Amino acid sequence: MDISEMTIGFAMTGSFCTFKKVIPEIKELVSRGANVIPIMSENAQRFDTRFGKAKDFIQEIEKITNNKIINSIDTAEPIGPKKMLDVIIVAPCTGNTIAKLANSITDTCVTMAVKAHLRNERPAILAISTNDGLGLNAKNIGILVNTKNIYFVPFRQDSPYNKKNSLVAKMDLIIATLEKTMEGEQLQPMILGTDAIKS
């Protein structure tokens, strides 16, 4: 699929452990000619963690995309009225963001970006990464699976015996999901099997 004419919003929320898997997907989108507009949640752009420093991630992403990061509600709001994006990808998409999207809560730059974009009836892709995907957030994932114009990067339990409620998207399927999404289809299977079977 030719994505060289596309403008893609790429939003990152605070599942810091997945950043190093997500950044190569941003690079691939740019290498294929897409104009990638980066968006970072307030937590993602503020907190240093054992996975890296926030300022380093910001500098790397802005260098890759050659675009400044959208980093506030007021800079995200014009995405809707200006019809800035063809598609928006949220990767990683935390349980907090999932819950807010499912319940129409718009109090971060990422939830504003998605809400503003969806008003144009254009697709949003979520790559979930949450410790409670099969817990309290299961109902919210169900709501979003059944919401028009929302698609999911296929996901699985990432540690079924240590963190049985934890779900994480297979981040290297972001581009394959994008390709299917632009055809109006959900990439299948959406729920992947786990690698380990315990008898």
# chains A, B, ... in the order shown; residues from 1 in each chain; ligands from 1
call {"tool": "closest_atom_pairs", "arguments": {"of": "segment 165-198 of chain A", "to": "segment 66-87 of chain A", "cutoff": "12 Å", "atoms": "only C-alpha atoms", "output": "JSON lines"}}
result
{"residue": "A:Ile175", "atom": "CA", "partner": "A:Val87", "partner_atom": "CA", "distance": 11.9}
{"residue": "A:Thr177", "atom": "CA", "partner": "A:Val87", "partner_atom": "CA", "distance": 11.6}
{"residue": "A:Leu178", "atom": "CA", "partner": "A:Val87", "partner_atom": "CA", "distance": 8.5}
{"residue": "A:Glu179", "atom": "CA", "partner": "A:Val87", "partner_atom": "CA", "distance": 10.9}
{"residue": "A:Thr181", "atom": "CA", "partner": "A:Val87", "partner_atom": "CA", "distance": 9.1}
{"residue": "A:Met182", "atom": "CA", "partner": "A:Val87", "partner_atom": "CA", "distance": 8.4}
{"residue": "A:Gly184", "atom": "CA", "partner": "A:Val87", "partner_atom": "CA", "distance": 11.8}
call {"tool": "residues_around", "arguments": {"residues": "Ala138 of chain A", "least_positions_apart": "4", "cutoff": "12 Å", "atoms": "only C-alpha atoms", "output": "PDB file with all heavy atoms, in the first residue's frame"}}
result
ATOM      1  N   GLY A  95      -4.334   1.698  29.442  1.00  0.00           N
ATOM      2  CA  GLY A  95      -5.671   1.448  29.968  1.00  0.00           C
ATOM      3  C   GLY A  95      -6.371   2.736  30.350  1.00  0.00           C
ATOM      4  O   GLY A  95      -7.591   2.867  30.179  1.00  0.00           O
ATOM      5  N   ILE A  98      -7.658   4.157  27.127  1.00  0.00           N
ATOM      6  CA  ILE A  98      -8.772   3.312  26.668  1.00  0.00           C
ATOM      7  C   ILE A  98     -10.052   3.676  27.420  1.00  0.00           C
ATOM      8  O   ILE A  98     -11.120   3.869  26.814  1.00  0.00           O
ATOM      9  CB  ILE A  98      -8.443   1.825  26.869  1.00  0.00           C
ATOM     10  CG1 ILE A  98      -7.356   1.373  25.897  1.00  0.00           C
ATOM     11  CG2 ILE A  98      -9.689   0.944  26.699  1.00  0.00           C
ATOM     12  CD1 ILE A  98      -6.698   0.065  26.274  1.00  0.00           C
ATOM     13  N   ALA A  99      -9.956   3.748  28.745  1.00  0.00           N
ATOM     14  CA  ALA A  99     -11.129   4.048  29.564  1.00  0.00           C
ATOM     15  C   ALA A  99     -11.710   5.417  29.218  1.00  0.00           C
ATOM     16  O   ALA A  99     -12.929   5.584  29.118  1.00  0.00           O
ATOM     17  CB  ALA A  99     -10.760   3.981  31.046  1.00  0.00           C
ATOM     18  N   ALA A 102     -13.422   5.313  25.742  1.00  0.00           N
ATOM     19  CA  ALA A 102     -14.672   4.552  25.780  1.00  0.00           C
ATOM     20  C   ALA A 102     -15.784   5.324  26.470  1.00  0.00           C
ATOM     21  O   ALA A 102     -16.968   5.095  26.201  1.00  0.00           O
ATOM     22  CB  ALA A 102     -14.443   3.218  26.483  1.00  0.00           C
ATOM     23  N   ILE A 128      -3.029  -1.350  22.118  1.00  0.00           N
ATOM     24  CA  ILE A 128      -3.193  -1.307  23.563  1.00  0.00           C
ATOM     25  C   ILE A 128      -1.997  -1.887  24.309  1.00  0.00           C
ATOM     26  O   ILE A 128      -1.307  -2.771  23.827  1.00  0.00           O
ATOM     27  CB  ILE A 128      -4.498  -2.003  24.013  1.00  0.00           C
ATOM     28  CG1 ILE A 128      -4.483  -3.489  23.668  1.00  0.00           C
ATOM     29  CG2 ILE A 128      -5.702  -1.317  23.424  1.00  0.00           C
ATOM     30  CD1 ILE A 128      -5.712  -4.221  24.169  1.00  0.00           C
ATOM     31  N   THR A 130      -1.847  -2.496  28.472  1.00  0.00           N
ATOM     32  CA  THR A 130      -2.468  -2.232  29.767  1.00  0.00           C
ATOM     33  C   THR A 130      -2.429  -3.457  30.658  1.00  0.00           C
ATOM     34  O   THR A 130      -2.627  -4.584  30.191  1.00  0.00           O
ATOM     35  CB  THR A 130      -3.936  -1.761  29.604  1.00  0.00           C
ATOM     36  OG1 THR A 130      -4.547  -1.667  30.899  1.00  0.00           O
ATOM     37  CG2 THR A 130      -4.742  -2.695  28.729  1.00  0.00           C
ATOM     38  N   ASN A 131      -2.195  -3.232  31.940  1.00  0.00           N
ATOM     39  CA  ASN A 131      -2.181  -4.332  32.907  1.00  0.00           C
ATOM     40  C   ASN A 131      -3.575  -4.794  33.305  1.00  0.00           C
ATOM     41  O   ASN A 131      -3.712  -5.811  33.980  1.00  0.00           O
ATOM     42  CB  ASN A 131      -1.410  -3.918  34.171  1.00  0.00           C
ATOM     43  CG  ASN A 131       0.085  -3.885  33.941  1.00  0.00           C
ATOM     44  OD1 ASN A 131       0.614  -4.659  33.160  1.00  0.00           O
ATOM     45  ND2 ASN A 131       0.773  -2.980  34.625  1.00  0.00           N
ATOM     46  N   ASP A 132      -4.620  -4.050  32.897  1.00  0.00           N
ATOM     47  CA  ASP A 132      -5.969  -4.470  33.293  1.00  0.00           C
ATOM     48  C   ASP A 132      -6.897  -4.672  32.097  1.00  0.00           C
ATOM     49  O   ASP A 132      -8.106  -4.511  32.193  1.00  0.00           O
ATOM     50  CB  ASP A 132      -6.571  -3.497  34.310  1.00  0.00           C
ATOM     51  CG  ASP A 132      -6.938  -2.148  33.693  1.00  0.00           C
ATOM     52  OD1 ASP A 132      -6.380  -1.795  32.641  1.00  0.00           O
ATOM     53  OD2 ASP A 132      -7.791  -1.447  34.270  1.00  0.00           O
ATOM     54  N   GLY A 133      -6.324  -5.115  30.979  1.00  0.00           N
ATOM     55  CA  GLY A 133      -7.133  -5.343  29.781  1.00  0.00           C
ATOM     56  C   GLY A 133      -8.184  -6.424  29.938  1.00  0.00           C
ATOM     57  O   GLY A 133      -9.238  -6.382  29.301  1.00  0.00           O
ATOM     58  N   LEU A 134      -7.915  -7.408  30.782  1.00  0.00           N
ATOM     59  CA  LEU A 134      -8.899  -8.450  31.068  1.00  0.00           C
ATOM     60  C   LEU A 134      -9.510  -8.257  32.457  1.00  0.00           C
ATOM     61  O   LEU A 134     -10.184  -9.142  32.974  1.00  0.00           O
ATOM     62  CB  LEU A 134      -8.258  -9.842  30.961  1.00  0.00           C
ATOM     63  CG  LEU A 134      -7.787 -10.221  29.551  1.00  0.00           C
ATOM     64  CD1 LEU A 134      -7.119 -11.593  29.570  1.00  0.00           C
ATOM     65  CD2 LEU A 134      -8.939 -10.204  28.562  1.00  0.00           C
ATOM     66  N   GLY A 142     -14.235  -3.655  24.940  1.00  0.00           N
ATOM     67  CA  GLY A 142     -15.431  -4.116  24.229  1.00  0.00           C
ATOM     68  C   GLY A 142     -16.213  -2.980  23.599  1.00  0.00           C
ATOM     69  O   GLY A 142     -16.682  -3.087  22.465  1.00  0.00           O
ATOM     70  N   ILE A 143     -16.344  -1.884  24.330  1.00  0.00           N
ATOM     71  CA  ILE A 143     -17.041  -0.706  23.778  1.00  0.00           C
ATOM     72  C   ILE A 143     -16.318  -0.201  22.535  1.00  0.00           C
ATOM     73  O   ILE A 143     -16.931   0.062  21.495  1.00  0.00           O
ATOM     74  CB  ILE A 143     -17.135   0.408  24.839  1.00  0.00           C
ATOM     75  CG1 ILE A 143     -18.135   0.024  25.934  1.00  0.00           C
ATOM     76  CG2 ILE A 143     -17.536   1.746  24.196  1.00  0.00           C
ATOM     77  CD1 ILE A 143     -18.082   0.918  27.156  1.00  0.00           C
ATOM     78  N   LEU A 144     -14.998  -0.099  22.619  1.00  0.00           N
ATOM     79  CA  LEU A 144     -14.232   0.468  21.509  1.00  0.00           C
ATOM     80  C   LEU A 144     -14.183  -0.487  20.309  1.00  0.00           C
ATOM     81  O   LEU A 144     -14.187  -0.032  19.158  1.00  0.00           O
ATOM     82  CB  LEU A 144     -12.824   0.830  21.984  1.00  0.00           C
ATOM     83  CG  LEU A 144     -12.777   1.968  23.011  1.00  0.00           C
ATOM     84  CD1 LEU A 144     -11.368   2.131  23.558  1.00  0.00           C
ATOM     85  CD2 LEU A 144     -13.274   3.282  22.415  1.00  0.00           C
ATOM     86  N   VAL A 145     -14.135  -1.791  20.559  1.00  0.00           N
ATOM     87  CA  VAL A 145     -14.171  -2.760  19.456  1.00  0.00           C
ATOM     88  C   VAL A 145     -15.444  -2.571  18.633  1.00  0.00           C
ATOM     89  O   VAL A 145     -15.445  -2.781  17.418  1.00  0.00           O
ATOM     90  CB  VAL A 145     -14.067  -4.209  19.996  1.00  0.00           C
ATOM     91  CG1 VAL A 145     -14.461  -5.231  18.938  1.00  0.00           C
ATOM     92  CG2 VAL A 145     -12.641  -4.489  20.488  1.00  0.00           C
ATOM     93  N   ASN A 165      -4.267 -10.368  33.702  1.00  0.00           N
ATOM     94  CA  ASN A 165      -5.153  -9.377  33.079  1.00  0.00           C
ATOM     95  C   ASN A 165      -4.449  -8.474  32.073  1.00  0.00           C
ATOM     96  O   ASN A 165      -5.071  -7.623  31.457  1.00  0.00           O
ATOM     97  CB  ASN A 165      -5.819  -8.506  34.152  1.00  0.00           C
ATOM     98  CG  ASN A 165      -6.828  -9.277  34.974  1.00  0.00           C
ATOM     99  OD1 ASN A 165      -7.378 -10.276  34.516  1.00  0.00           O
ATOM    100  ND2 ASN A 165      -7.075  -8.835  36.193  1.00  0.00           N
ATOM    101  N   SER A 166      -3.148  -8.656  31.917  1.00  0.00           N
ATOM    102  CA  SER A 166      -2.347  -7.747  31.094  1.00  0.00           C
ATOM    103  C   SER A 166      -2.447  -8.088  29.611  1.00  0.00           C
ATOM    104  O   SER A 166      -2.310  -9.244  29.210  1.00  0.00           O
ATOM    105  CB  SER A 166      -0.889  -7.821  31.547  1.00  0.00           C
ATOM    106  OG  SER A 166      -0.097  -6.902  30.834  1.00  0.00           O
ATOM    107  N   LEU A 167      -2.686  -7.057  28.796  1.00  0.00           N
ATOM    108  CA  LEU A 167      -2.749  -7.199  27.337  1.00  0.00           C
ATOM    109  C   LEU A 167      -1.784  -6.206  26.703  1.00  0.00           C
ATOM    110  O   LEU A 167      -1.658  -5.068  27.153  1.00  0.00           O
ATOM    111  CB  LEU A 167      -4.160  -6.913  26.808  1.00  0.00           C
ATOM    112  CG  LEU A 167      -5.283  -7.846  27.242  1.00  0.00           C
ATOM    113  CD1 LEU A 167      -6.622  -7.331  26.706  1.00  0.00           C
ATOM    114  CD2 LEU A 167      -5.038  -9.271  26.763  1.00  0.00           C
TER     115      LEU A 167
END
call {"tool": "atom_distance", "arguments": {"atom1": "atom CA of Glu5 of chain A", "atom2": "atom CA of Glu121 of chain A"}}
result
18.8 Å
call {"tool": "select_by_dssp", "arguments": {"residues": "segment 43-81 of chain A", "states": "alpha helix (DSSP H)", "output": "JSON, numbers by chain"}}
result
{"A": [43, 44, 45, 46, 54, 55, 56, 57, 58, 59, 60, 61, 62, 63, 64, 65, 73, 74, 75, 76]}
call {"tool": "closest_residue", "arguments": {"among": "A:Ser4, A:Asn137, A:Thr13, A:Thr65", "to": "Cys109 of chain A", "atoms": "only C-alpha atoms"}}
result
A:Thr13
call {"tool": "closest_residue", "arguments": {"among": "A:Ala91, A:Asn120, A:Gly135, A:Ile141", "to": "Lys21 of chain A", "atoms": "only C-alpha atoms"}}
result
A:Ala91
call {"tool": "atom_distance", "arguments": {"atom1": "atom CA of Leu136 of chain A", "atom2": "atom CA of Ile89 of chain A"}}
result
23.2 Å
call {"tool": "residues_around", "arguments": {"residues": "Gln45 of chain A", "least_positions_apart": "4", "cutoff": "8 Å", "atoms": "only C-alpha atoms", "output": "list in words"}}
result
Met40, Ser41, Ala54, Lys55, Ile58 and Asn71 of chain A
